[in-house]
Each structure stands twice: as structure tokens, then as C-alpha cells.
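Undergrad: Attaching a single structure in C-alpha cells format; questions to follow.
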Amino acid sequence: MNSMYVQGNSFLHQLDPRTKILFVFSIILFVFLFYDPMFQFLVTVSLLPIVFLSGLTTPYLKTVKFMFLLVFLIITVHGLYNPMGDVTKVTWQLTENLSFKHDALIYGAVMSFRILSIGTATLLFVMSTHPSDLANALVKWKVPHAVAFMILSTFQLIPIIGREAKVIMEAQQARCLDVKANMIQRVKHLIPLFAPLFITSFMRVHQMSQVLECRGFSSTGPKTSLREMTIGFRDYAFLTAIALFALAAITLRAVVGGTLLPITDFVLMSALIGIWIVCSIYFFDFLWKSVRKKVV
Amino acid sequence: MENKAIKVENLTFRYPDAESDTLKNISFELDYGEVLGIIGPNGAGKTTLAMALKGLIPHTVDGEIQGKIIVDGKDVLKHDISEQVLNSGLVFQDPEGQLSQMSVEEEVAFGLGNIGVPRAEMVKRIEKALQTVGLAGFEKRSPLALSGGQQQRLAIASVMAMEPSIMMMDEPTTMLDPVGKNEVFKVLKSLKEKGMTGVIIEHEIERLTMYCDKILVLHEGESILFGTPKEIFSDLMLLKKFKLRGPQVTEVAYEVFNDKEQIPVVLDEAVQSFSKELKA
Ligand SMILES: Nc1ncnc2c1ncn2[C@@H]1O[C@H](COP(=O)(O)OP(=O)(O)OP(=O)(O)O)[C@@H](O)[C@H]1O
Ligand SMILES: [Mg+2]
């Protein structure tokens, strides 16, 4: 399969794509309402049961590691070097002039958990929604048919172009183009690879436009779809829950403000060390697998 | 109005910036229920003619066009392609380049959705079309995960499901391996048995003679021969003049028989003729 969609029959899979889009937006709203690492952390953690119940645990863990790499850099670099807030308030003195500052760490932690929670929500959406359903949902939202098709066809076009690139690469290699040379040489050699690739892709798109014409793509009149999409009880229940949460969050924000609980050094240290630990687990897993591959 | 499936009168076409006409003064007619085979060497203008019959020329490709094309009672030059989807459908040469959807069933459904076929009807037509081309059971597969022959059959099913009066195919087997070719020819044969009206461009003359009622020979944009396979292929000398060959059985028989009437164009006929000759 060339999209990230994972087949399934869970509650999440059965929701209408539009409901799920609203869900992602509401998560974004939640995490931007508050400036409190503990709250962001809670949002992230509360999404994990949904991942598990939707049967997406394995693909989720596989994809989320790239996010952890990013998050690791963000919290470490910001904590060490971000000059924001009170720079004299130090949480963890490493060496004489290298220390994790309190305010900078808060910023790093908030950003990290924002990325993780929004990323998780988006992955939930992408992994549980068939691209065709997404295109249909967009059409229902009055996005032009042609735009929806364009979005959908990227899923199809990218693997085809990838395959073509490989063929061209092999053809050029057969003509003694050294694609495994040093970096500068390789960059130079991109031209004989990309020129034909660009032309074949262009021709392919041109032919596709003719095929589409023949299949009535520009027919006026109502269009129908094979995939049934109805907003049902499930969607209403889910949307109501989201709305209640949103209402509660907005009220809380208005009454208490952006920070819910005082942020202690302990909280910040846990966030930092926690992210480091998860990252090192992924790292050692990667190491272990590459070593095993070499041995076998 | 007379009831012709296709009526072409003095069709002439020139691509922009081309030095000469690609199609030169072509005229022919085809009845409903007949299959027309178009043959000719590379660059003869076969694809160009198919695109003109479908209306891709002049509606998506520029150029100078003269003459008249009536397909299924519609003036192709005057109606936009989207108004002609029920009159004619075209299967292209490149199998993969025709497929745009995420699964086999959606591929077939795509055209139906564009013309607003209700879902219940859609499901029925998809089932029938996939059955006809032998792809039942592949509904959920990605079109990219099919073999070339399967992809081309899927393309045929997608066009067929829209139920156009006339099916057109531009070298549907040229890019396939022998197994894929056989698969597609089997489908074509069954379509012919079901009374399809069609236009097929094809290099394999032996196969063409099996299900074509008329043959049109193109050479450098001119229609040099038009008639039944028997009429066309029994005149081997003329074919040779244009660097074409006849079916293998005809070529052999040509050397054996003196009586022109006796020369077969398909294998079954050849078996009869030869056994009669041998007994005599
Ligand atoms: N888009 C175009 N612009 C200009 N000339 C073209 C274009 N497409 C085709 N031609 C020219 O028109 C002539 C007929 O081409 P066409 O593709 O119709 O031939 P064909 O009989 O289908 O050949 P083949 O057996 O290779 O498919 C060729 O000389 C070709 O160079
Ligand atoms: Mg051609």
C-alpha cells in the first residue's frame, strides 16, 4: 500500500473523515490554549488508548520515532541555549557554562508535547482514513472535485514516479553514469536523472488528463461515489464529546489562565529525562537491529 | 437517419507545426454489431485516428481538422468529450498510465461516479464488468499491484462499465507479454460474442481476423484498403506493396492454391481448405 492507511474496522475507522478532521483541529486547539507541559503531556497520553483500541499500535510506534528524534532535539537544544525568560533560574547545571534553564525548558517541553500530541492525532487520522474517503469528504465540504482528485492522485503518482526513477537510474548506470561517486559528482549527475524523469512524468500526467476526459471527469451534473459516507450516531456522539472537552478547556483557560499548576523543576526534569529515555530506547532498538542484520 | 455506428467522411487532420497531414481524406462506415480492425505500420496515424474518433482530437489536442465524424449518431467535432462518454469509450495502449484510483473496484467506479450512476447500480455494474474481464475477487487490490495483462483488463472493465455504445482500443496488447496478450484477447473474443461494436488497433493480424468484421489499412495517413478480412487479406500482393503481411495461414495458402476463392484467412478455414485439397 502506498499511503499510510492501515486497514481496520475499529470505532475510529468507522468515523466519517470529516469528524476526524474536526478531531485533529480540536486537539490543536487544546494544546495551544495552554502553556503547561503537564497538560500537553496529558493530552498526548490520553490519545494513546485510542491508538491501541484502533489497532494501530505497531504502525504508530514505527512512525512516531521520527517525531521523537525531532522532540529530543527541540527540548535539549531549547533547554540549553534558548535565552528566553529568566536565564538565571537554572534547573540543571551540567558544567560551568552549560545548564538547562527553567523558562527555556518549559518552552522546550511545551513545544515537544505539542508536537507529540498533534502528531499523534494526525497519525490517528491518516492511518484510519482511506485516501478515497478523504477525497470524498473534501468534495462534500465543497472542495472542487478536481482538487480532491489531485490530492488523491499524489498517493498514486508518487510510487509510480519512484519506480520510474529507478528505471531511469539503472538505464543511465548502464550508460556508465556513476551514481555511486562522491557527493559533488552525484549532485551533478542528478541532471541526467531528473531531466528524463521530469519528461516522462509530464507525459504521464498529460495522458492521464486524456484518460480522465474519456471517463467523464468533466461531465457536468451530480457525481456519485462507491464509498458510502454518512454521518451517523457514532459521529454525533464523538463530536459531542469533543465539544464538551473544548467547552471545558475554554472555560478553564478563561478562569485559571494558560498555566494550570505551578511548574516545578521536578516536572521539567521528568519531561527531559523521559524524552531522552524513549529516544535511547528507539536508538538501541535501531542499533540492535542493524547489528543483527550484519550478523545474519 | 441511417443507422451507422461510425461514419467518417473525408477526414483530414494535421498536427500543429507538422509539415504534412497525418490523416489524409479518410472515409469509412461501420454498422452496429461490427468490429473494425485498424492496421498499418508504425507512424501510419492509427492512434491519431482513434483519438479523432473519440474526440480527443480536436477537443484536447490542437490541430487543423476537416471532414465529418459521426459516432453513435453524434457529431464528434461539435460535442465536447464529456457529452460523448455514453457513445464511445477508449482503452489506451499503456496499461498503467490509465489507472488512477486506489483499488480495483474504485477504478471501475470512478467513471460511473463521474456520470452520476447511483450506488446500487454502480455495485452491479462493477461486479458484471470485473466478471467479464476475469478480475472478480480482485476488488480491493491496488491497481498498481496487478500484472500488465490484469491492468489492461481492468482498464477495459472501467470503460466497459460505463456502457458506451462503441468500444475503441488502441493497441491494448502491444505493451504486454504473451500471457498478458492472451488474457486480453480472450476478453476481446468474449466481448465480440456478446455483440460489441468496436474499433481495435492491433498489430497481430492472426488475432484480428478472428473477431473483426471489417479491416481498415492505414499507410502514411491514407486509408489504402477497407473491407472484410477476406477481401483485404486475399490480396497479398497489394499488402506486400505497403510492407504489410497477411495472416500466416493465408501466406502459406497463397503459395499452394491457384483458386483465389479458396484462400483462407483464419485457421479453421485453412484446416478445411487444406484437408479438402489433400483428399482431392
Ligand atoms: N502530438 C503530436 N504532434 C505532432 N505530430 C504527432 C503527434 N502525435 C503523433 N504525431 C505524428 O503523427 C504521425 C502518426 O502518429 P500515430 O501515433 O498516430 O501513429 P501510429 O500509427 O499510432 O503509430 P504506432 O504504431 O507507433 O502507434 C507520426 O508521424 C507522428 O510522428
Ligand atoms: Mg499508436
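The chains in the C-alpha cells are called A, B, ... from first to last as shown; in each chain the residues are counted from 1, and the ligands are counted from 1 in the order shown.
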Counting only C-alpha atoms and all ligand atoms, name the residues that have an atom within 10 Å of an atom of ligand 2; the answer should be given as a PDB file with N, CA and C atoms, in the first residue's frame.
TA:
```pdb
ATOM      1  N   GLY B  40      -1.673  -1.088 -39.760  1.00  0.00           N
ATOM      2  CA  GLY B  40      -0.790  -0.212 -40.520  1.00  0.00           C
ATOM      3  C   GLY B  40       0.539  -0.122 -39.805  1.00  0.00           C
ATOM      4  N   PRO B  41       1.576   0.241 -40.553  1.00  0.00           N
ATOM      5  CA  PRO B  41       2.903   0.308 -39.932  1.00  0.00           C
ATOM      6  C   PRO B  41       3.005   1.419 -38.887  1.00  0.00           C
ATOM      7  N   ASN B  42       4.082   1.434 -38.131  1.00  0.00           N
ATOM      8  CA  ASN B  42       4.298   2.476 -37.123  1.00  0.00           C
ATOM      9  C   ASN B  42       4.259   3.857 -37.763  1.00  0.00           C
ATOM     10  N   GLY B  43       3.597   4.757 -37.107  1.00  0.00           N
ATOM     11  CA  GLY B  43       3.538   6.129 -37.603  1.00  0.00           C
ATOM     12  C   GLY B  43       2.525   6.335 -38.705  1.00  0.00           C
ATOM     13  N   ALA B  44       1.680   5.324 -38.957  1.00  0.00           N
ATOM     14  CA  ALA B  44       0.699   5.436 -40.035  1.00  0.00           C
ATOM     15  C   ALA B  44      -0.422   6.401 -39.671  1.00  0.00           C
ATOM     16  N   GLY B  45      -0.611   6.620 -38.381  1.00  0.00           N
ATOM     17  CA  GLY B  45      -1.690   7.516 -37.957  1.00  0.00           C
ATOM     18  C   GLY B  45      -2.825   6.794 -37.265  1.00  0.00           C
ATOM     19  N   LYS B  46      -2.567   5.570 -36.823  1.00  0.00           N
ATOM     20  CA  LYS B  46      -3.632   4.777 -36.199  1.00  0.00           C
ATOM     21  C   LYS B  46      -4.107   5.422 -34.897  1.00  0.00           C
ATOM     22  N   THR B  47      -3.154   5.774 -34.042  1.00  0.00           N
ATOM     23  CA  THR B  47      -3.518   6.394 -32.769  1.00  0.00           C
ATOM     24  C   THR B  47      -4.239   7.722 -33.014  1.00  0.00           C
ATOM     25  N   THR B  48      -3.727   8.462 -33.971  1.00  0.00           N
ATOM     26  CA  THR B  48      -4.342   9.747 -34.298  1.00  0.00           C
ATOM     27  C   THR B  48      -5.797   9.545 -34.727  1.00  0.00           C
ATOM     28  N   LEU B  49      -6.033   8.519 -35.539  1.00  0.00           N
ATOM     29  CA  LEU B  49      -7.407   8.251 -35.991  1.00  0.00           C
ATOM     30  C   LEU B  49      -8.297   7.881 -34.803  1.00  0.00           C
ATOM     31  N   ALA B  50      -7.768   7.043 -33.904  1.00  0.00           N
ATOM     32  CA  ALA B  50      -8.570   6.656 -32.743  1.00  0.00           C
ATOM     33  C   ALA B  50      -8.903   7.871 -31.889  1.00  0.00           C
ATOM     34  N   MET B  51      -7.935   8.759 -31.729  1.00  0.00           N
ATOM     35  CA  MET B  51      -8.182   9.946 -30.920  1.00  0.00           C
ATOM     36  C   MET B  51      -9.214  10.850 -31.574  1.00  0.00           C
ATOM     37  N   PHE B  92      -6.557   2.801 -23.713  1.00  0.00           N
ATOM     38  CA  PHE B  92      -5.271   3.263 -24.224  1.00  0.00           C
ATOM     39  C   PHE B  92      -4.251   2.125 -24.247  1.00  0.00           C
ATOM     40  N   GLN B  93      -3.097   2.455 -24.849  1.00  0.00           N
ATOM     41  CA  GLN B  93      -2.068   1.430 -25.037  1.00  0.00           C
ATOM     42  C   GLN B  93      -1.335   1.099 -23.742  1.00  0.00           C
ATOM     43  N   ASP B 170      -6.783   1.154 -28.457  1.00  0.00           N
ATOM     44  CA  ASP B 170      -5.558   1.456 -29.189  1.00  0.00           C
ATOM     45  C   ASP B 170      -4.464   0.502 -28.747  1.00  0.00           C
ATOM     46  N   GLU B 171      -4.168  -0.459 -29.560  1.00  0.00           N
ATOM     47  CA  GLU B 171      -3.128  -1.444 -29.270  1.00  0.00           C
ATOM     48  C   GLU B 171      -3.173  -1.908 -27.816  1.00  0.00           C
ATOM     49  N   THR B 174      -0.091  -4.387 -27.033  1.00  0.00           N
ATOM     50  CA  THR B 174       1.282  -4.198 -27.509  1.00  0.00           C
ATOM     51  C   THR B 174       2.303  -4.180 -26.384  1.00  0.00           C
ATOM     52  N   ILE B 201      -7.249  -1.314 -32.701  1.00  0.00           N
ATOM     53  CA  ILE B 201      -5.986  -1.151 -33.404  1.00  0.00           C
ATOM     54  C   ILE B 201      -5.088  -2.265 -32.914  1.00  0.00           C
ATOM     55  N   GLU B 202      -4.464  -2.979 -33.845  1.00  0.00           N
ATOM     56  CA  GLU B 202      -3.736  -4.170 -33.401  1.00  0.00           C
ATOM     57  C   GLU B 202      -2.697  -4.550 -34.434  1.00  0.00           C
TER      58      GLU B 202
END
```
Undergrad: For chain A, work out the contacting residues on chain B at 7 Å, counting only C-alpha atoms, and write them as a PyMOL selection string.
TA: chain B and resi 81-82+85+89-90+97-98+100+106+109+111+113-119
Undergrad: Hey, can you spit out that residue selection with N, CA and C atoms as a PDB file, in the first residue's frame?
TA:
```pdb
ATOM      1  N   ILE B  81     -16.145  16.152 -25.246  1.00  0.00           N
ATOM      2  CA  ILE B  81     -15.936  14.729 -24.909  1.00  0.00           C
ATOM      3  C   ILE B  81     -16.860  14.277 -23.783  1.00  0.00           C
ATOM      4  N   SER B  82     -17.050  15.162 -22.817  1.00  0.00           N
ATOM      5  CA  SER B  82     -17.868  14.755 -21.675  1.00  0.00           C
ATOM      6  C   SER B  82     -19.311  14.449 -22.092  1.00  0.00           C
ATOM      7  N   VAL B  85     -19.419  10.392 -23.491  1.00  0.00           N
ATOM      8  CA  VAL B  85     -18.934   9.222 -22.744  1.00  0.00           C
ATOM      9  C   VAL B  85     -19.847   8.019 -22.913  1.00  0.00           C
ATOM     10  N   GLY B  89     -16.105   4.703 -25.816  1.00  0.00           N
ATOM     11  CA  GLY B  89     -15.082   4.667 -24.770  1.00  0.00           C
ATOM     12  C   GLY B  89     -13.777   4.214 -25.376  1.00  0.00           C
ATOM     13  N   LEU B  90     -12.660   4.716 -24.856  1.00  0.00           N
ATOM     14  CA  LEU B  90     -11.353   4.398 -25.435  1.00  0.00           C
ATOM     15  C   LEU B  90     -10.427   3.762 -24.401  1.00  0.00           C
ATOM     16  N   GLY B  97      -0.699   3.683 -17.149  1.00  0.00           N
ATOM     17  CA  GLY B  97      -0.996   5.107 -17.246  1.00  0.00           C
ATOM     18  C   GLY B  97      -2.474   5.439 -17.257  1.00  0.00           C
ATOM     19  N   GLN B  98      -3.318   4.421 -17.312  1.00  0.00           N
ATOM     20  CA  GLN B  98      -4.758   4.690 -17.367  1.00  0.00           C
ATOM     21  C   GLN B  98      -5.413   4.558 -16.017  1.00  0.00           C
ATOM     22  N   SER B 100      -5.953   5.336 -12.031  1.00  0.00           N
ATOM     23  CA  SER B 100      -5.759   6.493 -11.157  1.00  0.00           C
ATOM     24  C   SER B 100      -6.288   6.278  -9.751  1.00  0.00           C
ATOM     25  N   GLU B 106     -12.705   0.732  -7.113  1.00  0.00           N
ATOM     26  CA  GLU B 106     -12.853   2.173  -7.256  1.00  0.00           C
ATOM     27  C   GLU B 106     -12.460   2.645  -8.649  1.00  0.00           C
ATOM     28  N   ALA B 109     -15.386   2.157 -10.574  1.00  0.00           N
ATOM     29  CA  ALA B 109     -16.440   3.057 -10.093  1.00  0.00           C
ATOM     30  C   ALA B 109     -16.202   4.499 -10.500  1.00  0.00           C
ATOM     31  N   GLY B 111     -15.362   6.208 -13.291  1.00  0.00           N
ATOM     32  CA  GLY B 111     -16.102   6.748 -14.429  1.00  0.00           C
ATOM     33  C   GLY B 111     -17.602   6.798 -14.155  1.00  0.00           C
ATOM     34  N   GLY B 113     -19.054   7.126 -11.275  1.00  0.00           N
ATOM     35  CA  GLY B 113     -19.321   8.230 -10.359  1.00  0.00           C
ATOM     36  C   GLY B 113     -19.353   9.571 -11.084  1.00  0.00           C
ATOM     37  N   ASN B 114     -18.458   9.697 -12.056  1.00  0.00           N
ATOM     38  CA  ASN B 114     -18.404  10.964 -12.793  1.00  0.00           C
ATOM     39  C   ASN B 114     -19.674  11.249 -13.565  1.00  0.00           C
ATOM     40  N   ILE B 115     -20.340  10.185 -14.023  1.00  0.00           N
ATOM     41  CA  ILE B 115     -21.570  10.428 -14.773  1.00  0.00           C
ATOM     42  C   ILE B 115     -22.787  10.227 -13.892  1.00  0.00           C
ATOM     43  N   GLY B 116     -22.569  10.085 -12.603  1.00  0.00           N
ATOM     44  CA  GLY B 116     -23.682  10.104 -11.661  1.00  0.00           C
ATOM     45  C   GLY B 116     -24.522   8.837 -11.604  1.00  0.00           C
ATOM     46  N   VAL B 117     -23.905   7.674 -11.838  1.00  0.00           N
ATOM     47  CA  VAL B 117     -24.640   6.410 -11.698  1.00  0.00           C
ATOM     48  C   VAL B 117     -24.884   6.159 -10.203  1.00  0.00           C
ATOM     49  N   PRO B 118     -26.131   5.893  -9.806  1.00  0.00           N
ATOM     50  CA  PRO B 118     -26.406   5.662  -8.385  1.00  0.00           C
ATOM     51  C   PRO B 118     -25.649   4.452  -7.841  1.00  0.00           C
ATOM     52  N   ARG B 119     -25.402   4.463  -6.536  1.00  0.00           N
ATOM     53  CA  ARG B 119     -24.509   3.473  -5.958  1.00  0.00           C
ATOM     54  C   ARG B 119     -24.974   2.026  -6.178  1.00  0.00           C
TER      55      ARG B 119
END
```
Undergrad: So which residues touch Ile74 (chain A) within 8 Å, counting only C-alpha atoms, skipping near sequence neighbours fewer than 3 positions away, as a list in words?
TA: Leu70, Val71, Val77, His78, Gly108, Met111 and Ser112 of chain A
Undergrad: Store the residues picked out above in a file with all heavy atoms, as a PDB file, in the first residue's frame.
TA:
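Output (selection.pdb):
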```pdb
ATOM      1  N   LEU A  70      12.914  14.501  16.561  1.00  0.00           N
ATOM      2  CA  LEU A  70      12.687  15.947  16.495  1.00  0.00           C
ATOM      3  C   LEU A  70      12.500  16.526  17.900  1.00  0.00           C
ATOM      4  O   LEU A  70      13.099  17.536  18.274  1.00  0.00           O
ATOM      5  CB  LEU A  70      11.444  16.197  15.639  1.00  0.00           C
ATOM      6  CG  LEU A  70      11.077  17.640  15.338  1.00  0.00           C
ATOM      7  CD1 LEU A  70      12.131  18.250  14.431  1.00  0.00           C
ATOM      8  CD2 LEU A  70       9.714  17.709  14.675  1.00  0.00           C
ATOM      9  N   VAL A  71      11.664  15.849  18.675  1.00  0.00           N
ATOM     10  CA  VAL A  71      11.328  16.318  20.009  1.00  0.00           C
ATOM     11  C   VAL A  71      12.567  16.322  20.910  1.00  0.00           C
ATOM     12  O   VAL A  71      12.803  17.238  21.688  1.00  0.00           O
ATOM     13  CB  VAL A  71      10.224  15.396  20.578  1.00  0.00           C
ATOM     14  CG1 VAL A  71      10.172  15.485  22.077  1.00  0.00           C
ATOM     15  CG2 VAL A  71       8.890  15.749  19.972  1.00  0.00           C
ATOM     16  N   VAL A  77      18.030  21.267  22.863  1.00  0.00           N
ATOM     17  CA  VAL A  77      18.659  22.497  22.365  1.00  0.00           C
ATOM     18  C   VAL A  77      18.011  23.732  22.987  1.00  0.00           C
ATOM     19  O   VAL A  77      18.698  24.649  23.440  1.00  0.00           O
ATOM     20  CB  VAL A  77      18.589  22.543  20.826  1.00  0.00           C
ATOM     21  CG1 VAL A  77      19.090  23.883  20.316  1.00  0.00           C
ATOM     22  CG2 VAL A  77      19.407  21.403  20.244  1.00  0.00           C
ATOM     23  N   HIS A  78      16.665  23.740  23.040  1.00  0.00           N
ATOM     24  CA  HIS A  78      15.997  24.887  23.655  1.00  0.00           C
ATOM     25  C   HIS A  78      16.393  25.016  25.116  1.00  0.00           C
ATOM     26  O   HIS A  78      16.704  26.104  25.591  1.00  0.00           O
ATOM     27  CB  HIS A  78      14.474  24.764  23.534  1.00  0.00           C
ATOM     28  CG  HIS A  78      13.961  25.318  22.255  1.00  0.00           C
ATOM     29  ND1 HIS A  78      13.962  26.664  21.973  1.00  0.00           N
ATOM     30  CD2 HIS A  78      13.435  24.714  21.165  1.00  0.00           C
ATOM     31  CE1 HIS A  78      13.463  26.855  20.768  1.00  0.00           C
ATOM     32  NE2 HIS A  78      13.132  25.685  20.251  1.00  0.00           N
ATOM     33  N   GLY A 108      10.688  24.408  25.810  1.00  0.00           N
ATOM     34  CA  GLY A 108      11.054  23.189  25.090  1.00  0.00           C
ATOM     35  C   GLY A 108      10.069  22.065  25.354  1.00  0.00           C
ATOM     36  O   GLY A 108       9.634  21.362  24.430  1.00  0.00           O
ATOM     37  N   MET A 111       6.628  22.784  23.661  1.00  0.00           N
ATOM     38  CA  MET A 111       6.718  22.553  22.215  1.00  0.00           C
ATOM     39  C   MET A 111       6.774  21.053  21.922  1.00  0.00           C
ATOM     40  O   MET A 111       6.106  20.558  21.020  1.00  0.00           O
ATOM     41  CB  MET A 111       7.991  23.196  21.654  1.00  0.00           C
ATOM     42  CG  MET A 111       7.953  24.703  21.547  1.00  0.00           C
ATOM     43  SD  MET A 111       6.434  25.292  20.837  1.00  0.00           S
ATOM     44  CE  MET A 111       6.818  25.181  19.130  1.00  0.00           C
ATOM     45  N   SER A 112       7.567  20.346  22.708  1.00  0.00           N
ATOM     46  CA  SER A 112       7.731  18.914  22.458  1.00  0.00           C
ATOM     47  C   SER A 112       6.396  18.179  22.559  1.00  0.00           C
ATOM     48  O   SER A 112       6.017  17.415  21.664  1.00  0.00           O
ATOM     49  CB  SER A 112       8.699  18.310  23.470  1.00  0.00           C
ATOM     50  OG  SER A 112       9.944  18.924  23.353  1.00  0.00           O
TER      51      SER A 112
END
```
Undergrad: Record the distance separating CA of Ile200 (chain B) and CA of Ile38 (chain B), expressed in Å with one decimal.
TA: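 It comes out at 6.1 Å.
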Undergrad: Give the alpha helix (DSSP H) residues of region 183-256 of chain A, as DSSP finds them on the backbone, and put them as a ChimeraX atom specification.
TA: /A:183-188,190-214,233-256
Undergrad: For Val217 (chain B), work out the shell of residues within 10 Å, counting only C-alpha atoms and skipping chain neighbours fewer than 3 positions away, then give it as a ChimeraX atom specification.
TA: /B:37-41,44,46,221-227,232,239,242,244
